[in-house]
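Notes follow once the structure below has been shown.
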Amino acid sequence: MNILLIGSGGREHAIANALVKSPRLKQLFISPGNPGTAQVGANVSLDSSNHDAVRQFCQDHAIDLVAIGPEQLLIDGLSDALVKAGIAVFGPSQAAAQLEGSKGFTKDLCRDNQIPTADYAAFDNASDALAYLRTKSAPIVVKADGVAAGKGVVVAMTLEEAQQAVNAMFAGAFGTAGTQIVIEEFLSGEEASFFAICDGVRAHPFATAQDHKRVGDGDTGPNTGGMGAYSPASIISPALSRQVMGEIIYPTLKAMQARGAPFSGILYAGLMLTKEGPKLIEYNVRFGDPEAQVILPRLEEDLASLMFDCARGELPISPPRFSRHKALTLVMAAQNYPDKPLIGTPIHNLEWAEALADIIITHAGTRLENGQLVAAGGRVLNITASAPTICEAQKKAYAAAQKIDWKEGFYRHDIGWREVLREKV
């Protein structure tokens, strides 16, 4: 099987690491990839926004399967263009990708199908949104309707802060993602990430994780794309997993089928575990980043076969199997992230960390300059450790981080703190 994987981040490096384990794989191409993916496959330069160019590459290289990592490409309809040409794609259609592409779309779908979520209202102008806010109390949540790299959400602790968020979004703070917004009630509880694998009709629970969005220790500072994660999330018990599938995932699949947009691929539900039960915060239509980095090393199935079967609407009857070991990843980010990260700074001794037992380094934002590895983004490296417990995995990951010589890099020092406390109890 020849596979084209599209993307350049840590998520795609983690997917590539899993794909190359498949005995069915002949050749793996990654576009554009990064210095890490170049170690497991062939990086190629493609303009992914040019659907004809991607299709032509697939036909020229006898590609059997395309796996699309970034959400924007799915939202823009790349999957549709390839499927129309007879190429199997792991990832939803443009219509199904609205589950991530428009928060208003998803909230309406939840309302119409009794899927538990926060109360909300959607707006296309600031004056109506501000008038609505005057009828509410804080805390309250303001969200850009479109995708904003995980940063288009403001949890406002005061109405003044919420008003500022509304004005900022309609003033273009998140570009076109903020031309419409959603204001919703603040939910109390613990967040968790729930992943299901779907073939358009059927679905299985895939894995659970918890990430750390805030940039600083103690969950302080601005939101980021994610500073670390661990899997599984023990707070999601088998009984709770069945409840999520029954009340959230299956009704969503049924609703999307009824709309003529069956969902195929990875459906990633961000959940709030409230006193009333699990409620959907939002959907993503692809693997999370950095969640993929802790989920995929635990997978004991052939990922290439799973993806191919899903793309053909033939999801296996049995759910995928995962290792009983736990995994934890911490993100090494460039100085000043998430504002204006300092790029071009040299990274040394990566091989020292990679030499440690049970450690996987994935590249999220790196490039080579004259043979020297340098930072090329905000989130730059992921250090993933596996162990029987999260406590042990946490120790291994931080021991590996200390081996890396990158003066302009930083990371949180408390990744996994909730699970560590649970294990100690």
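How things are named: the first chain in the structure tokens is A, the next is B, and so on; residues count from 1 in each chain; ligands count from 1 in the order shown.
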Just the alpha helix (DSSP H) stuff from stretch 116-147 of chain A, please, per backbone DSSP, written as a list in words.
-> Ala126, Ser127, Asp128, Ala129, Leu130, Ala131, Tyr132 and Leu133 of chain A
To one decimal place, how far is atom CA of A:Val141 from atom CA of A:His212 in Å?
-> 18.1 Å
Might you pull out every residue within 10 Å of A:Asp108, with only C-alpha atoms counted and same-chain residues fewer than 5 positions away left off, and present them as a list in words?
-> Lys103, Asn113, Gln114, Ile115, Tyr120, Ala121 and Ala122 of chain A
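Minimum atom-to-atom distances from A:Asp358, A:Gly277, A:Ala18, A:Ala400 to A:Leu5 were compared using only C-alpha atoms, and the lowest value belongs to A:Ala18.
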Of the candidates A:Ala196, A:Leu328, A:Ile140, A:Val215, which one gets nearest to A:Ala233 if we count only C-alpha atoms?
-> A:Leu328
Polymer residues at most 8 Å from stretch 52-56 of chain A, only C-alpha atoms, same-chain spacing of 5 or more positions, as a PyMOL selection string = chain A and resi 46-47+81-82+85
The selected residues should be written to file as a PDB file, in the first residue's frame (atoms: N, CA and C atoms).
ATOM      1  N   LEU A  46       4.240  19.539  -1.898  1.00  0.00           N
ATOM      2  CA  LEU A  46       2.981  19.661  -2.629  1.00  0.00           C
ATOM      3  C   LEU A  46       2.232  20.874  -2.108  1.00  0.00           C
ATOM      4  N   ASP A  47       1.550  21.559  -2.994  1.00  0.00           N
ATOM      5  CA  ASP A  47       0.655  22.627  -2.582  1.00  0.00           C
ATOM      6  C   ASP A  47      -0.687  21.976  -2.249  1.00  0.00           C
ATOM      7  N   ALA A  81     -12.360  16.138  -3.315  1.00  0.00           N
ATOM      8  CA  ALA A  81     -11.699  16.155  -4.621  1.00  0.00           C
ATOM      9  C   ALA A  81     -10.984  14.840  -4.894  1.00  0.00           C
ATOM     10  N   LEU A  82     -10.393  14.250  -3.864  1.00  0.00           N
ATOM     11  CA  LEU A  82      -9.659  12.995  -4.054  1.00  0.00           C
ATOM     12  C   LEU A  82     -10.610  11.809  -4.193  1.00  0.00           C
ATOM     13  N   ALA A  85     -11.978  11.391  -7.504  1.00  0.00           N
ATOM     14  CA  ALA A  85     -11.026  10.797  -8.455  1.00  0.00           C
ATOM     15  C   ALA A  85     -10.776   9.321  -8.172  1.00  0.00           C
TER      16      ALA A  85
END
If we count only C-alpha atoms, what is near stretch 164-169 of chain A at a cut-off of 12 Å, once residues fewer than 6 positions away on the same chain are taken out, given as a ChimeraX atom specification?
-> /A:122-133,140-146,148,151-158,175-183
Write out as a PDB file with N, CA and C atoms, in the first residue's frame each polymer residue whose atoms come within 8 Å of stretch 15-17 of chain A, counting only C-alpha atoms; drop sequence neighbours fewer than 3 positions from it.
ATOM      1  N   LEU A   5       0.547  11.015   3.372  1.00  0.00           N
ATOM      2  CA  LEU A   5       0.139  11.664   4.616  1.00  0.00           C
ATOM      3  C   LEU A   5       0.374  13.160   4.452  1.00  0.00           C
ATOM      4  N   ARG A  11       1.621  15.979  15.191  1.00  0.00           N
ATOM      5  CA  ARG A  11       0.550  15.013  14.936  1.00  0.00           C
ATOM      6  C   ARG A  11       0.909  14.134  13.745  1.00  0.00           C
ATOM      7  N   GLU A  12       1.353  14.756  12.657  1.00  0.00           N
ATOM      8  CA  GLU A  12       1.683  13.984  11.459  1.00  0.00           C
ATOM      9  C   GLU A  12       2.906  13.097  11.670  1.00  0.00           C
ATOM     10  N   VAL A  20       4.250   3.404   9.596  1.00  0.00           N
ATOM     11  CA  VAL A  20       5.394   2.615   9.111  1.00  0.00           C
ATOM     12  C   VAL A  20       5.497   1.257   9.802  1.00  0.00           C
ATOM     13  N   LYS A  21       4.690   1.023  10.831  1.00  0.00           N
ATOM     14  CA  LYS A  21       4.676  -0.289  11.480  1.00  0.00           C
ATOM     15  C   LYS A  21       3.851  -1.299  10.687  1.00  0.00           C
ATOM     16  N   LEU A  28       5.712   5.386   2.081  1.00  0.00           N
ATOM     17  CA  LEU A  28       5.013   6.464   2.764  1.00  0.00           C
ATOM     18  C   LEU A  28       5.579   7.800   2.298  1.00  0.00           C
ATOM     19  N   THR A  37       9.718  13.470  10.188  1.00  0.00           N
ATOM     20  CA  THR A  37       9.049  12.547   9.274  1.00  0.00           C
ATOM     21  C   THR A  37       9.992  12.064   8.186  1.00  0.00           C
ATOM     22  N   VAL A  40      11.306   8.568   8.606  1.00  0.00           N
ATOM     23  CA  VAL A  40      10.454   7.379   8.488  1.00  0.00           C
ATOM     24  C   VAL A  40       9.758   7.276   7.135  1.00  0.00           C
ATOM     25  N   GLY A  41       9.821   8.302   6.326  1.00  0.00           N
ATOM     26  CA  GLY A  41       9.194   8.291   5.013  1.00  0.00           C
ATOM     27  C   GLY A  41       9.871   9.285   4.094  1.00  0.00           C
ATOM     28  N   ALA A 292      -2.556  12.974  19.581  1.00  0.00           N
ATOM     29  CA  ALA A 292      -2.102  11.864  18.727  1.00  0.00           C
ATOM     30  C   ALA A 292      -0.781  11.293  19.215  1.00  0.00           C
ATOM     31  N   LEU A 296      -1.414   7.243  19.685  1.00  0.00           N
ATOM     32  CA  LEU A 296      -0.955   6.311  18.657  1.00  0.00           C
ATOM     33  C   LEU A 296       0.168   5.382  19.112  1.00  0.00           C
TER      34      LEU A 296
END
Hey, can you check how far atom CA of A:Ala14 sits from atom CA of A:Gln335?
-> 23.7 Å
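Non-sequential neighbours of A:Leu271 (distance at most 9 Å, separation of 3 or more positions within a chain, only C-alpha atoms) are Thr117, Glu190, Glu191, Ala192, Ser193, Phe194, Pro278, Lys279, Leu280, Ile281, Glu282 and Tyr283 of chain A.
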Run DSSP on the backbone of this structure and report the residues of stretch 206-333 of chain A it assigns to strand (DSSP E), as a ChimeraX atom specification.
-> /A:206-211,214-216,220-223,228-231,264-274,277-284,326-333
Based on the selection just made, write C-alpha atoms of those residues as an mmCIF file, in the first residue's frame.
data_model
loop_
_atom_site.group_PDB
_atom_site.id
_atom_site.type_symbol
_atom_site.label_atom_id
_atom_site.label_comp_id
_atom_site.auth_asym_id
_atom_site.auth_seq_id
_atom_site.Cartn_x
_atom_site.Cartn_y
_atom_site.Cartn_z
ATOM 1 C CA PHE A 206 -10.761 4.744 19.866
ATOM 2 C CA ALA A 207 -8.986 6.302 22.843
ATOM 3 C CA THR A 208 -9.187 8.939 25.556
ATOM 4 C CA ALA A 209 -6.757 11.640 26.617
ATOM 5 C CA GLN A 210 -6.466 14.850 28.570
ATOM 6 C CA ASP A 211 -4.486 17.825 27.355
ATOM 7 C CA ARG A 214 -2.782 26.912 29.079
ATOM 8 C CA VAL A 215 0.791 27.941 28.416
ATOM 9 C CA GLY A 216 1.938 28.078 32.046
ATOM 10 C CA THR A 220 -2.130 29.755 33.908
ATOM 11 C CA GLY A 221 -1.643 32.146 31.019
ATOM 12 C CA PRO A 222 -3.243 32.213 27.565
ATOM 13 C CA ASN A 223 -4.650 29.241 25.712
ATOM 14 C CA GLY A 228 1.112 18.418 26.717
ATOM 15 C CA ALA A 229 -1.217 15.447 27.096
ATOM 16 C CA TYR A 230 -1.569 11.961 28.491
ATOM 17 C CA SER A 231 -3.553 8.856 27.605
ATOM 18 C CA SER A 264 -15.839 9.016 8.168
ATOM 19 C CA GLY A 265 -12.516 9.310 9.974
ATOM 20 C CA ILE A 266 -11.612 10.305 13.514
ATOM 21 C CA LEU A 267 -14.311 12.134 15.448
ATOM 22 C CA TYR A 268 -12.712 13.901 18.410
ATOM 23 C CA ALA A 269 -15.163 15.050 21.063
ATOM 24 C CA GLY A 270 -14.020 17.614 23.587
ATOM 25 C CA LEU A 271 -16.091 16.815 26.658
ATOM 26 C CA MET A 272 -16.949 18.484 29.935
ATOM 27 C CA LEU A 273 -17.717 15.909 32.608
ATOM 28 C CA THR A 274 -20.406 17.734 34.574
ATOM 29 C CA GLY A 277 -23.151 13.811 32.896
ATOM 30 C CA PRO A 278 -20.830 14.296 29.913
ATOM 31 C CA LYS A 279 -21.590 17.287 27.676
ATOM 32 C CA LEU A 280 -20.062 18.104 24.310
ATOM 33 C CA ILE A 281 -17.895 21.231 24.265
ATOM 34 C CA GLU A 282 -16.901 20.951 20.616
ATOM 35 C CA TYR A 283 -15.959 18.513 17.885
ATOM 36 C CA ASN A 284 -12.727 18.159 15.934
ATOM 37 C CA LYS A 326 0.165 4.829 29.747
ATOM 38 C CA ALA A 327 1.736 7.590 27.670
ATOM 39 C CA LEU A 328 2.538 11.217 28.433
ATOM 40 C CA THR A 329 3.890 13.894 26.136
ATOM 41 C CA LEU A 330 5.226 17.327 26.938
ATOM 42 C CA VAL A 331 5.572 20.095 24.390
ATOM 43 C CA MET A 332 8.799 22.043 24.079
ATOM 44 C CA ALA A 333 7.872 25.480 22.758
#
Computed interatomic separation between atom CA of A:Glu247 and atom CA of A:Cys110 (Å) = 10.4 Å
